[in-house]
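**Q** Quick one, start19.cif (mmCIF, C-alpha atoms and all ligand atoms):
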```cif
data_coords
loop_
_atom_site.label_atom_id
_atom_site.label_comp_id
_atom_site.auth_asym_id
_atom_site.auth_seq_id
_atom_site.Cartn_x
_atom_site.Cartn_y
_atom_site.Cartn_z
CA MET V 27 -41.86 -2.81 -99.97
CA GLU V 28 -38.18 -2.92 -99.37
CA ASN V 29 -36.40 -0.14 -97.58
CA LYS V 30 -34.47 1.10 -100.59
CA SER V 31 -33.06 4.30 -99.14
CA ALA V 32 -31.22 2.97 -96.07
CA PRO V 33 -28.04 1.04 -96.84
CA LEU V 34 -28.36 -2.58 -95.75
CA PRO V 35 -26.00 -3.61 -92.97
CA PRO V 36 -23.23 -5.89 -94.25
CA SER V 37 -24.30 -9.54 -94.30
CA THR V 38 -21.43 -10.43 -91.96
CA VAL V 39 -23.35 -8.93 -89.02
CA TRP V 40 -26.01 -11.58 -89.48
CA LYS V 41 -25.77 -15.21 -88.42
CA VAL V 42 -28.16 -15.96 -91.28
CA PRO V 43 -28.20 -13.20 -93.93
CA ARG V 44 -30.92 -12.73 -96.56
CA SER V 45 -28.42 -13.18 -99.35
CA LYS V 46 -24.93 -14.51 -99.89
CA ALA V 47 -24.83 -13.36 -103.52
CA HIS V 48 -21.48 -11.64 -102.99
CA LEU V 49 -19.93 -14.91 -101.79
CA PHE V 50 -21.04 -16.66 -104.93
CA ASN V 51 -19.62 -13.80 -106.99
CA GLN V 52 -16.30 -14.42 -105.22
CA GLN V 53 -16.47 -18.13 -106.06
CA ILE V 54 -16.83 -17.40 -109.79
CA LYS V 55 -14.60 -14.32 -109.77
CA GLU V 56 -12.32 -15.46 -112.59
CA GLU V 57 -15.24 -16.25 -114.91
CA ILE V 58 -16.86 -12.89 -114.17
CA LEU V 59 -13.66 -10.95 -114.76
CA GLN V 60 -13.08 -12.69 -118.06
CA ALA V 61 -16.68 -12.14 -119.21
CA ILE V 62 -16.72 -8.41 -118.46
CA GLU V 63 -13.45 -7.67 -120.20
CA PRO V 64 -15.10 -6.88 -123.58
CA ALA V 65 -17.53 -4.54 -121.79
CA LEU V 66 -14.71 -2.71 -120.00
CA PHE V 67 -12.07 -2.58 -122.71
CA GLY V 68 -13.80 -3.67 -125.92
CA ASP V 69 -15.24 -1.63 -128.75
CA TYR V 70 -18.38 0.33 -127.79
CA TRP V 71 -20.05 -0.73 -131.03
CA ASP V 72 -19.84 -4.37 -130.00
CA PHE V 73 -21.69 -3.84 -126.70
CA PRO V 74 -25.13 -4.70 -128.15
CA ASN V 75 -23.81 -8.22 -128.79
CA LEU V 76 -23.33 -8.75 -125.05
CA LEU V 77 -26.99 -7.88 -124.50
CA ILE V 78 -28.12 -10.05 -127.39
CA ALA V 79 -26.18 -13.07 -126.05
CA PHE V 80 -27.77 -12.73 -122.61
CA GLU V 81 -31.25 -12.09 -124.06
CA LYS V 82 -31.01 -15.26 -126.14
CA SER V 83 -29.96 -17.50 -123.28
CA PHE V 84 -32.64 -16.10 -120.97
CA ALA V 85 -35.31 -16.48 -123.68
CA GLN V 86 -34.34 -20.11 -124.08
CA PHE V 87 -34.44 -20.67 -120.32
CA ILE V 88 -37.96 -19.28 -119.86
CA GLY V 89 -39.26 -20.61 -123.17
CA MET V 90 -40.26 -17.29 -124.74
CA ALA V 91 -39.42 -15.91 -128.16
CA HIS V 92 -38.09 -12.43 -127.29
CA VAL V 93 -36.29 -10.93 -124.30
CA THR V 94 -35.43 -7.24 -123.94
CA ALA V 95 -32.74 -6.50 -121.34
CA VAL V 96 -33.20 -3.21 -119.48
CA GLN V 97 -31.82 -1.40 -116.44
CA SER V 98 -34.09 -2.79 -113.69
CA GLY V 99 -37.30 -4.62 -112.92
CA SER V 100 -38.97 -1.24 -112.37
CA THR V 101 -38.05 -0.03 -115.85
CA ALA V 102 -39.10 -3.40 -117.28
CA LEU V 103 -42.60 -2.77 -115.89
CA LEU V 104 -42.75 0.79 -117.20
CA LEU V 105 -41.61 -0.22 -120.68
CA ALA V 106 -43.94 -3.24 -120.79
CA LEU V 107 -46.93 -1.01 -120.00
CA LYS V 108 -45.81 1.53 -122.61
CA ALA V 109 -45.38 -1.23 -125.19
CA ALA V 110 -48.86 -2.55 -124.34
CA GLY V 111 -50.22 0.89 -125.20
CA LEU V 112 -51.26 2.08 -121.74
CA GLN V 113 -52.30 5.72 -121.81
CA TYR V 114 -53.43 8.61 -119.67
CA GLY V 115 -56.74 7.90 -117.92
CA ASP V 116 -56.64 4.13 -118.46
CA GLU V 117 -57.02 1.66 -115.59
CA VAL V 118 -54.99 -1.45 -114.80
CA ILE V 119 -56.18 -4.06 -112.31
CA THR V 120 -53.38 -5.18 -110.01
CA VAL V 121 -52.65 -5.99 -106.38
CA ALA V 122 -51.70 -3.71 -103.50
CA ASN V 123 -49.27 -6.22 -101.96
CA SER V 124 -46.32 -5.64 -104.22
CA ASP V 125 -43.23 -3.58 -104.72
CA MET V 126 -43.69 0.17 -105.10
CA SER V 127 -42.56 -0.14 -108.72
CA THR V 128 -45.67 -2.14 -109.70
CA THR V 129 -48.05 0.71 -108.95
CA SER V 130 -45.52 3.42 -109.86
CA ALA V 131 -45.16 1.98 -113.36
CA ILE V 132 -48.92 2.32 -113.89
CA MET V 133 -49.04 5.84 -112.42
CA ASN V 134 -46.01 6.93 -114.47
CA CYS V 135 -48.01 6.11 -117.62
CA GLY V 136 -50.71 8.51 -116.39
CA ALA V 137 -52.99 5.55 -115.71
CA ARG V 138 -54.66 4.37 -112.48
CA PRO V 139 -54.05 1.17 -110.54
CA VAL V 140 -57.26 -0.59 -109.46
CA PHE V 141 -56.65 -2.92 -106.55
CA CYS V 142 -57.91 -6.47 -106.43
CA ASP V 143 -57.77 -8.54 -103.24
CA ILE V 144 -55.54 -11.59 -102.94
CA LEU V 145 -55.85 -15.26 -102.09
CA GLU V 146 -55.09 -16.23 -98.52
CA SER V 147 -53.48 -19.44 -99.83
CA ASP V 148 -50.53 -18.12 -101.89
CA TYR V 149 -50.86 -14.31 -101.50
CA THR V 150 -51.44 -13.71 -105.25
CA ILE V 151 -54.34 -11.97 -107.05
CA ASN V 152 -57.75 -13.62 -106.62
CA PRO V 153 -58.95 -14.18 -110.22
CA ASP V 154 -62.57 -14.58 -109.03
CA LEU V 155 -62.66 -10.92 -107.95
CA VAL V 156 -61.24 -9.39 -111.15
CA GLU V 157 -64.32 -9.13 -113.37
CA ALA V 158 -66.22 -7.02 -110.82
CA LEU V 159 -63.44 -4.39 -111.07
CA ILE V 160 -63.53 -4.01 -114.87
CA THR V 161 -64.85 -0.68 -116.15
CA ASP V 162 -64.88 0.90 -119.60
CA ARG V 163 -61.45 2.40 -118.73
CA THR V 164 -59.78 -0.92 -117.93
CA ARG V 165 -57.01 -1.71 -120.41
CA GLY V 166 -55.02 -4.41 -118.69
CA LEU V 167 -54.30 -6.76 -115.82
CA LEU V 168 -51.02 -6.74 -113.89
CA PRO V 169 -50.69 -9.89 -111.76
CA VAL V 170 -47.64 -10.18 -109.50
CA ASP V 171 -45.89 -13.50 -108.80
CA LEU V 172 -45.06 -12.21 -105.36
CA TYR V 173 -42.42 -14.01 -103.27
CA GLY V 174 -41.87 -16.26 -106.32
CA HIS V 175 -45.43 -17.68 -106.06
CA PRO V 176 -47.04 -17.86 -109.54
CA ALA V 177 -50.29 -15.88 -109.83
CA ASN V 178 -52.98 -17.75 -111.74
CA SER V 179 -52.36 -15.99 -115.06
CA LYS V 180 -54.06 -18.79 -116.96
CA ALA V 181 -57.38 -17.93 -115.26
CA LEU V 182 -56.68 -14.24 -115.87
CA GLN V 183 -55.97 -14.86 -119.55
CA LYS V 184 -59.54 -16.12 -120.01
CA ILE V 185 -60.92 -12.91 -118.49
CA ALA V 186 -58.48 -10.76 -120.47
CA LYS V 187 -59.52 -12.37 -123.76
CA GLN V 188 -63.23 -11.90 -123.02
CA HIS V 189 -62.75 -8.19 -122.26
CA GLY V 190 -59.99 -7.32 -124.73
CA LEU V 191 -57.40 -6.58 -122.03
CA PHE V 192 -53.63 -7.02 -122.03
CA ILE V 193 -51.72 -8.86 -119.31
CA VAL V 194 -48.37 -7.59 -118.08
CA GLU V 195 -47.06 -10.03 -115.48
CA ASP V 196 -44.68 -8.92 -112.73
CA ALA V 197 -42.38 -11.90 -112.25
CA ALA V 198 -39.58 -9.72 -110.84
CA ILE V 199 -38.97 -12.18 -108.01
CA ALA V 200 -40.23 -15.34 -109.71
CA THR V 201 -37.46 -16.12 -112.20
CA ALA V 202 -37.41 -19.90 -112.83
CA ALA V 203 -40.84 -20.49 -111.26
CA ARG V 204 -43.28 -22.46 -113.41
CA ASP V 205 -47.03 -22.84 -113.70
CA PHE V 206 -49.17 -25.28 -115.70
CA GLY V 207 -45.87 -26.71 -117.01
CA HIS V 208 -44.63 -23.38 -118.41
CA GLY V 209 -42.21 -20.64 -117.36
CA MET V 210 -43.57 -17.36 -116.03
CA GLY V 211 -45.31 -15.23 -118.64
CA ALA V 212 -46.72 -18.07 -120.77
CA PHE V 213 -50.26 -16.68 -120.30
CA ALA V 214 -49.32 -12.99 -120.44
CA ASP V 215 -48.62 -10.59 -123.30
CA LEU V 216 -45.49 -9.36 -121.56
CA VAL V 217 -43.64 -10.57 -118.47
CA CYS V 218 -41.10 -8.62 -116.42
CA PHE V 219 -38.14 -9.86 -114.38
CA SER V 220 -35.59 -8.23 -112.10
CA THR V 221 -31.91 -9.11 -111.78
CA CYS V 222 -31.02 -6.84 -108.89
CA SER V 223 -28.14 -8.48 -106.99
CA THR V 224 -30.17 -10.55 -104.51
CA LYS V 225 -32.72 -11.95 -106.97
CA GLN V 226 -32.75 -15.57 -108.28
CA ILE V 227 -30.19 -14.42 -110.84
CA GLY V 228 -28.42 -11.22 -109.90
CA ALA V 229 -26.46 -8.63 -111.82
CA ILE V 230 -23.72 -6.57 -110.18
CA GLY V 231 -26.05 -3.68 -109.53
CA ASN V 232 -29.47 -3.68 -111.13
CA GLY V 233 -31.04 -5.13 -114.23
CA GLY V 234 -34.31 -6.37 -115.63
CA MET V 235 -35.91 -8.04 -118.60
CA VAL V 236 -39.20 -7.96 -120.46
CA ALA V 237 -40.14 -11.12 -122.33
CA THR V 238 -42.86 -11.65 -124.91
CA ASN V 239 -43.82 -14.01 -127.72
CA ASP V 240 -45.17 -11.13 -129.81
CA ALA V 241 -42.71 -9.64 -132.33
CA ASN V 242 -44.67 -6.36 -132.53
CA LEU V 243 -44.49 -5.88 -128.78
CA ARG V 244 -40.78 -6.68 -128.89
CA GLU V 245 -40.37 -3.90 -131.44
CA GLN V 246 -42.24 -1.45 -129.22
CA LEU V 247 -39.93 -2.36 -126.34
CA GLU V 248 -36.91 -1.76 -128.54
CA ILE V 249 -38.25 1.68 -129.45
CA TYR V 250 -39.01 2.67 -125.84
CA ARG V 251 -35.72 1.45 -124.38
CA GLY V 252 -33.75 3.11 -127.18
CA TYR V 253 -34.63 6.85 -127.09
CA GLY V 254 -37.78 6.35 -129.19
CA LEU V 255 -35.67 5.72 -132.29
CA ASN V 256 -36.94 3.73 -135.21
CA PRO V 257 -35.28 0.26 -135.06
CA ALA V 258 -35.80 -0.12 -138.83
CA THR V 259 -33.31 2.68 -139.53
CA ALA V 260 -31.05 2.05 -136.52
CA LYS V 261 -28.23 0.62 -138.60
CA GLY V 262 -28.48 3.07 -141.49
CA GLN V 263 -26.38 6.07 -142.32
CA HIS V 264 -28.71 8.42 -140.45
CA ALA V 265 -29.13 6.22 -137.37
CA GLY V 266 -29.96 8.35 -134.37
CA ASN V 267 -32.09 10.87 -136.27
CA ASP V 268 -35.27 8.91 -136.87
CA GLN V 269 -37.29 9.45 -133.67
CA ILE V 270 -40.78 7.95 -133.75
CA ALA V 271 -41.79 7.95 -130.04
CA ASP V 272 -41.05 9.53 -126.67
CA GLY V 273 -38.62 6.89 -125.56
CA TYR V 274 -36.01 6.49 -122.87
CA ASN V 275 -32.42 5.30 -122.70
CA LEU V 276 -32.94 2.19 -120.58
CA LYS V 277 -30.80 -0.58 -122.01
CA MET V 278 -29.13 -2.98 -119.60
CA SER V 279 -25.47 -2.18 -118.98
CA PRO V 280 -23.17 -4.41 -121.06
CA VAL V 281 -21.20 -5.22 -117.89
CA ASP V 282 -24.32 -6.61 -116.23
CA ALA V 283 -25.34 -8.49 -119.39
CA ALA V 284 -21.92 -10.17 -119.45
CA VAL V 285 -22.14 -11.11 -115.76
CA LEU V 286 -25.66 -12.48 -116.18
CA SER V 287 -24.57 -14.59 -119.15
CA VAL V 288 -22.02 -16.27 -116.88
CA LYS V 289 -24.63 -16.85 -114.18
CA MET V 290 -27.26 -18.37 -116.49
CA LYS V 291 -25.58 -21.75 -116.34
CA PHE V 292 -25.92 -21.86 -112.55
CA LEU V 293 -29.61 -20.96 -112.55
CA PRO V 294 -30.99 -24.55 -112.71
CA GLU V 295 -28.73 -25.63 -109.82
CA TRP V 296 -29.63 -22.57 -107.72
CA THR V 297 -33.32 -23.08 -108.44
CA GLU V 298 -33.06 -26.63 -107.14
CA LYS V 299 -31.26 -25.42 -104.03
CA ARG V 300 -33.93 -22.77 -103.39
CA LYS V 301 -36.60 -25.47 -103.66
CA GLN V 302 -34.73 -27.72 -101.22
CA ILE V 303 -34.46 -24.90 -98.68
CA ALA V 304 -38.17 -24.12 -99.05
CA HIS V 305 -38.90 -27.80 -98.51
CA GLN V 306 -36.78 -27.81 -95.34
CA TYR V 307 -38.70 -24.79 -94.00
CA GLU V 308 -42.02 -26.46 -94.85
CA THR V 309 -41.06 -29.73 -93.18
CA ARG V 310 -39.91 -28.01 -90.00
CA LEU V 311 -42.67 -25.41 -89.72
CA GLN V 312 -45.75 -27.34 -90.89
CA GLY V 313 -48.34 -27.66 -88.12
CA VAL V 314 -46.53 -25.39 -85.62
CA ALA V 315 -49.09 -23.37 -83.63
CA GLY V 316 -48.96 -19.66 -84.52
CA ILE V 317 -47.44 -20.29 -87.97
CA SER V 318 -49.37 -20.55 -91.19
CA LEU V 319 -47.60 -21.57 -94.39
CA PRO V 320 -48.70 -20.64 -97.91
CA THR V 321 -50.35 -23.38 -99.95
CA PHE V 322 -50.31 -23.72 -103.74
CA ARG V 323 -52.47 -24.91 -106.62
CA PRO V 324 -51.24 -28.33 -107.80
CA GLU V 325 -49.93 -26.81 -111.07
CA SER V 326 -47.97 -24.06 -109.35
CA GLU V 327 -44.18 -24.53 -108.97
CA PRO V 328 -42.92 -21.58 -106.93
CA VAL V 329 -39.25 -20.61 -106.70
CA ARG V 330 -38.82 -18.47 -103.62
CA ARG V 331 -36.56 -15.43 -103.52
CA GLU V 332 -37.28 -15.58 -99.76
CA PHE V 333 -39.62 -17.84 -97.81
CA ALA V 334 -42.82 -15.94 -97.00
CA LEU V 335 -45.19 -17.14 -94.30
CA CYS V 336 -47.69 -15.73 -91.81
CA VAL V 337 -47.13 -15.67 -88.07
CA GLN V 338 -49.04 -14.53 -85.01
CA HIS V 339 -47.60 -11.49 -83.18
CA ARG V 340 -45.63 -10.74 -86.33
CA ASP V 341 -43.88 -7.54 -85.18
CA ARG V 342 -42.59 -9.13 -82.01
CA VAL V 343 -41.46 -12.26 -83.87
CA PHE V 344 -39.72 -10.06 -86.45
CA ASP V 345 -37.76 -8.19 -83.73
CA THR V 346 -36.85 -11.40 -81.90
CA LEU V 347 -35.51 -13.08 -85.02
CA ARG V 348 -33.40 -10.08 -85.93
CA GLU V 349 -32.07 -9.83 -82.38
CA ASN V 350 -30.97 -13.44 -82.82
CA GLY V 351 -29.02 -12.65 -85.97
CA ILE V 352 -31.57 -13.69 -88.60
CA GLN V 353 -32.08 -11.16 -91.36
CA THR V 354 -35.85 -11.47 -91.70
CA ALA V 355 -37.67 -8.83 -93.71
CA LEU V 356 -41.09 -7.22 -93.92
CA ASN V 357 -41.28 -6.77 -97.65
CA TYR V 358 -44.20 -5.04 -99.37
CA CYS V 359 -45.73 -3.80 -96.09
CA PRO V 360 -47.79 -1.68 -95.85
CA PRO V 361 -49.77 -2.48 -99.01
CA ALA V 362 -49.85 0.22 -101.70
CA HIS V 363 -53.21 1.78 -100.78
CA GLN V 364 -51.90 2.50 -97.26
CA ARG V 365 -48.65 4.14 -98.40
CA LYS V 366 -48.31 7.91 -98.06
CA VAL V 367 -48.22 8.46 -101.80
CA TYR V 368 -51.66 6.87 -102.43
CA GLN V 369 -53.50 7.28 -99.09
CA GLU V 370 -55.36 10.40 -100.15
CA LEU V 371 -56.19 9.12 -103.63
CA ASN V 372 -58.59 6.40 -102.49
CA LEU V 373 -57.72 4.36 -105.57
CA PRO V 374 -60.48 2.03 -106.82
CA GLY V 375 -60.68 -1.24 -104.94
CA SER V 376 -58.85 0.16 -101.88
CA ARG V 377 -61.78 -0.53 -99.55
CA GLN V 378 -62.16 -4.17 -100.47
CA LEU V 379 -58.71 -5.47 -99.57
CA GLN V 380 -59.45 -7.44 -96.40
CA LYS V 381 -57.14 -10.39 -97.24
CA THR V 382 -54.38 -8.06 -98.46
CA GLU V 383 -54.51 -6.12 -95.19
CA GLN V 384 -54.67 -9.25 -93.05
CA ILE V 385 -51.68 -10.86 -94.80
CA SER V 386 -49.75 -7.60 -94.62
CA ARG V 387 -50.16 -7.63 -90.80
CA GLU V 388 -49.03 -11.25 -90.47
CA ILE V 389 -46.42 -11.81 -93.15
CA ILE V 390 -42.71 -12.25 -92.58
CA THR V 391 -39.99 -13.54 -94.88
CA LEU V 392 -37.16 -15.90 -93.96
CA PRO V 393 -33.82 -16.05 -95.78
CA ILE V 394 -33.40 -18.28 -98.82
CA ASP V 395 -30.13 -18.31 -100.68
CA PRO V 396 -28.47 -21.19 -102.55
CA LEU V 397 -25.42 -20.90 -100.30
CA LEU V 398 -27.31 -21.16 -97.00
CA THR V 399 -26.57 -24.43 -95.23
CA SER V 400 -29.05 -26.87 -93.79
CA GLU V 401 -27.71 -25.99 -90.30
CA GLU V 402 -28.43 -22.30 -90.91
CA ILE V 403 -32.01 -23.08 -91.99
CA ASP V 404 -32.46 -25.28 -88.92
CA TYR V 405 -31.24 -22.41 -86.76
CA VAL V 406 -33.84 -20.08 -88.34
CA CYS V 407 -36.57 -22.67 -87.72
CA ASP V 408 -35.51 -23.24 -84.09
CA GLN V 409 -35.55 -19.51 -83.40
CA LEU V 410 -38.88 -18.98 -85.15
CA ILE V 411 -40.57 -21.84 -83.29
CA LEU V 412 -39.33 -20.37 -79.99
CA ALA V 413 -40.35 -16.82 -80.97
CA VAL V 414 -43.96 -17.70 -81.85
CA LYS V 415 -44.37 -19.55 -78.50
CA ILE V 416 -43.36 -16.64 -76.28
C1 LIG V 501 -42.58 -7.69 -107.15
C2 LIG V 501 -41.52 -6.75 -107.64
N1 LIG V 501 -41.72 -6.06 -108.75
C3 LIG V 501 -40.80 -5.20 -109.24
C4 LIG V 501 -39.61 -5.01 -108.59
C5 LIG V 501 -38.63 -4.01 -109.11
O1 LIG V 501 -37.43 -4.58 -109.51
P1 LIG V 501 -36.08 -3.69 -109.46
O2 LIG V 501 -35.68 -3.58 -108.02
O3 LIG V 501 -35.12 -4.48 -110.27
O4 LIG V 501 -36.39 -2.39 -110.06
C6 LIG V 501 -39.35 -5.71 -107.39
C7 LIG V 501 -38.08 -5.52 -106.67
O5 LIG V 501 -37.80 -6.14 -105.68
C8 LIG V 501 -40.33 -6.61 -106.91
O6 LIG V 501 -40.14 -7.27 -105.77
#
```
In structure tokens, what does this structure look like?
**A**
Amino acid sequence: MENKSAPLPPSTVWKVPRSKAHLFNQQIKEEILQAIEPALFGDYWDFPNLLIAFEKSFAQFIGMAHVTAVQSGSTALLLALKAAGLQYGDEVITVANSDMSTTSAIMNCGARPVFCDILESDYTINPDLVEALITDRTRGLLPVDLYGHPANSKALQKIAKQHGLFIVEDAAIATAARDFGHGMGAFADLVCFSTCSTKQIGAIGNGGMVATNDANLREQLEIYRGYGLNPATAKGQHAGNDQIADGYNLKMSPVDAAVLSVKMKFLPEWTEKRKQIAHQYETRLQGVAGISLPTFRPESEPVRREFALCVQHRDRVFDTLRENGIQTALNYCPPAHQRKVYQELNLPGSRQLQKTEQISREIITLPIDPLLTSEEIDYVCDQLILAVKI
């Protein structure tokens, strides 16, 4: 869980910041300024074309038929659940180690999250524990590709098919990751991404996408992100009067769509760089006493937003690294069932989250950004190895 209320200190105060996204924006300043011109000074009625252009290029990148660009990863999750038909009193099986928006999206539909424990190996949902949590109220599964580690949605798809459940996948921080040879979402009905500034591909402010291969679900998304209006009559003379659902106004800003279209061409290169940095961390930290690295199924190809790992004496190590100028983070801690908002609710599954709680006590994330240098990563490793020894 990121601290979203407190402003982050400027990255210049850190020897190794979590993100250098702003520096990359400066490098491609001219391209960005040119791309946003139509959104700033063009005709309002042409704005949808900026969204359509970005949606098409992202769809091609992840290998899915339809992409719907919205205002954030959080709204992507809400709209995906709405499109999947989630209703009051339903249950969705998910994990407690995720962003607040994962559980909030379920609650905001009037439904209940049911928590499933995670794998110690890659910190994602344990598919072997899912069936025991299914009740006659269960409507869907919501796996999270946390830290950019693909959850085993292929195994979940088998369970979902047997029980008639939908899968909405939270790939907010897993853009460009792959599993079983496919992009994220290949085994889900709907998959959600975030483009907040520090993500694998970042907008100026916030942004998000929902992708699906199902044209009917795409239509539902269009309805919910567009005031609940009927898309079939959207271009007619009486456009704006034909409301068929309780929708929202949650389209991505045309400025952000234009910026993201520019950035799409850098995504393969940045993905490669993220993988190289992760490899450098793995090589340096493998086998160090007090450090335990995540491990992955052979099919899983993670793309880390940050490098997550478990360490002994986590809180002390966290403080020491920050004192030494490294912007480490404790994301998604505490897990959802221990947060103030849910503590009293005793949501189903909350008492069987031993691995979730253990990982939440030990996890720490190290900076990954395509512009970080090999020397900066070495510095982080040197400091971490010293910190776990003390
Ligand atoms: C796992 C996960 N899901 C959803 C979100 C929400 O995305 P956004 O911040 O774009 O609303 C985040 C944000 O970091 C996230 O980490």
**Q** Please measure the separation of atom CA of Ala137 of chain V and atom CA of Glu117 of chain V, giving the value in Å to one decimal.
**A** 5.6 Å
**Q** With all atoms listed in the file as the atoms that count, which of V:Lys225, V:Lys82, V:Arg204, V:Arg244 lies nearest to ligand LIG 501 (chain V)?
**A**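 Once distances to ligand LIG 501 (chain V) are computed over all atoms listed in the file, the minimum belongs to V:Lys225.
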**Q** Could you pull out the residues sitting within 8 Å of ligand LIG 501 (chain V), using only C-alpha atoms and all ligand atoms, and write them as an MDAnalysis selection string?
**A** chainID V and resid 27:28 97:103 124:128 170:173 196:199 218:222 225 232:234 358
**Q** Under the rule that all atoms listed in the file are counted, which of V:Gly231, V:Phe344, V:Pro374, V:Pro320 is the nearest residue to His48 of chain V?
**A**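 Looking only at the distances to His48 of chain V, the closest residue turns out to be V:Gly231.
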**Q** Out of V:Asp345, V:Asp116, V:Glu295, V:Asp404, which residue has the shortest atom-to-atom distance to Ile390 of chain V when counting only C-alpha atoms?
**A**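 Counting only C-alpha atoms, the residue closest to Ile390 of chain V is V:Asp345.
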**Q** Report, in Å to a single decimal, how far apart atom CA of Ala241 of chain V and atom CA of Val194 of chain V are.
**A**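 Going from atom CA of Val194 of chain V over to atom CA of Ala241 of chain V covers 15.5 Å.
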**Q** Which residue, V:Thr94, V:Arg330, V:Gln86, V:Ile54, has the smallest gap to Thr224 of chain V when you use all atoms listed in the file?
**A**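 Residue with the minimum atom-to-atom distance to Thr224 of chain V: V:Arg330.
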**Q** Given 5 Å of margin on each side, can you work out the centre and size in Å (one decimal) of an axis-aligned box holding every listed atom of segment 326-336 of chain V, as JSON?
**A**
```
{"center_x": -42.3, "center_y": -20.0, "center_z": -100.6, "size_x": 21.4, "size_y": 19.1, "size_z": 27.5}
```
**Q** Return the single residue from V:Leu167, V:Leu412, V:Val281, V:Leu311 that is closest to Ile58 of chain V, with distances computed using all atoms listed in the file.
**A**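 Under the stated criterion, the closest residue is V:Val281.
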**Q** Rank V:Leu243, V:Leu379, V:Ala362, V:Leu347 by their smallest atom-to-atom distance to Cys407 of chain V, using all atoms listed in the file, and report the top residue only.
**A**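 Using all atoms listed in the file, the shortest distance to Cys407 of chain V belongs to V:Leu347.
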**Q** Show which residues sit within 12 Å of Glu402 of chain V, as a PDB file with C-alpha atoms, in the frame of the given file. Count all atoms listed in the file, and ignore same-chain residues fewer than 4 positions away.
**A**
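Result saved to around.pdb:
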```pdb
ATOM      1  CA  TRP V  40     -26.010 -11.580 -89.480  1.00  0.00           C
ATOM      2  CA  LYS V  41     -25.770 -15.210 -88.420  1.00  0.00           C
ATOM      3  CA  VAL V  42     -28.160 -15.960 -91.280  1.00  0.00           C
ATOM      4  CA  PRO V  43     -28.200 -13.200 -93.930  1.00  0.00           C
ATOM      5  CA  ARG V  44     -30.920 -12.730 -96.560  1.00  0.00           C
ATOM      6  CA  ILE V 303     -34.460 -24.900 -98.680  1.00  0.00           C
ATOM      7  CA  GLN V 306     -36.780 -27.810 -95.340  1.00  0.00           C
ATOM      8  CA  TYR V 307     -38.700 -24.790 -94.000  1.00  0.00           C
ATOM      9  CA  GLY V 351     -29.020 -12.650 -85.970  1.00  0.00           C
ATOM     10  CA  ILE V 352     -31.570 -13.690 -88.600  1.00  0.00           C
ATOM     11  CA  GLN V 353     -32.080 -11.160 -91.360  1.00  0.00           C
ATOM     12  CA  LEU V 392     -37.160 -15.900 -93.960  1.00  0.00           C
ATOM     13  CA  PRO V 393     -33.820 -16.050 -95.780  1.00  0.00           C
ATOM     14  CA  ILE V 394     -33.400 -18.280 -98.820  1.00  0.00           C
ATOM     15  CA  ASP V 395     -30.130 -18.310-100.680  1.00  0.00           C
ATOM     16  CA  PRO V 396     -28.470 -21.190-102.550  1.00  0.00           C
ATOM     17  CA  LEU V 397     -25.420 -20.900-100.300  1.00  0.00           C
ATOM     18  CA  LEU V 398     -27.310 -21.160 -97.000  1.00  0.00           C
ATOM     19  CA  VAL V 406     -33.840 -20.080 -88.340  1.00  0.00           C
ATOM     20  CA  CYS V 407     -36.570 -22.670 -87.720  1.00  0.00           C
ATOM     21  CA  ASP V 408     -35.510 -23.240 -84.090  1.00  0.00           C
ATOM     22  CA  GLN V 409     -35.550 -19.510 -83.400  1.00  0.00           C
TER      23      GLN V 409
END
```
**Q** Within 10 Å of Leu77 of chain V, counting only C-alpha atoms, which residues show up once you throw out same-chain ones fewer than 2 positions away? Write them as a ChimeraX atom specification, please.
**A** /V:72-75,79-82,93-96,277-284,286-287
**Q** If we draw a sphere of 10 Å around (-42.4, -25.8, -96.4), which residues have at least one atom in it when counting only C-alpha atoms? Please report them as a PyMOL selection string.
**A** chain V and resi 301-312+319-321+333-335
**Q** Next, dump the selected residues to file, keeping only C-alpha atoms, as an mmCIF file, in the coordinates of the input.
**A**
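Done, and the output landed in selection-v7.cif:
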```
data_model
loop_
_atom_site.group_PDB
_atom_site.id
_atom_site.type_symbol
_atom_site.label_atom_id
_atom_site.label_comp_id
_atom_site.auth_asym_id
_atom_site.auth_seq_id
_atom_site.Cartn_x
_atom_site.Cartn_y
_atom_site.Cartn_z
ATOM 1 C CA LYS V 301 -36.600 -25.470 -103.660
ATOM 2 C CA GLN V 302 -34.730 -27.720 -101.220
ATOM 3 C CA ILE V 303 -34.460 -24.900 -98.680
ATOM 4 C CA ALA V 304 -38.170 -24.120 -99.050
ATOM 5 C CA HIS V 305 -38.900 -27.800 -98.510
ATOM 6 C CA GLN V 306 -36.780 -27.810 -95.340
ATOM 7 C CA TYR V 307 -38.700 -24.790 -94.000
ATOM 8 C CA GLU V 308 -42.020 -26.460 -94.850
ATOM 9 C CA THR V 309 -41.060 -29.730 -93.180
ATOM 10 C CA ARG V 310 -39.910 -28.010 -90.000
ATOM 11 C CA LEU V 311 -42.670 -25.410 -89.720
ATOM 12 C CA GLN V 312 -45.750 -27.340 -90.890
ATOM 13 C CA LEU V 319 -47.600 -21.570 -94.390
ATOM 14 C CA PRO V 320 -48.700 -20.640 -97.910
ATOM 15 C CA THR V 321 -50.350 -23.380 -99.950
ATOM 16 C CA PHE V 333 -39.620 -17.840 -97.810
ATOM 17 C CA ALA V 334 -42.820 -15.940 -97.000
ATOM 18 C CA LEU V 335 -45.190 -17.140 -94.300
#
```
**Q** Name the residues in contact with Leu112 of chain V at a cut-off of 12 Å, using all atoms listed in the file, excluding same-chain residues fewer than 2 positions from it; report them as number ranges by chain.
**A** V: 103-110, 114-118, 131-139, 163-168, 191-194
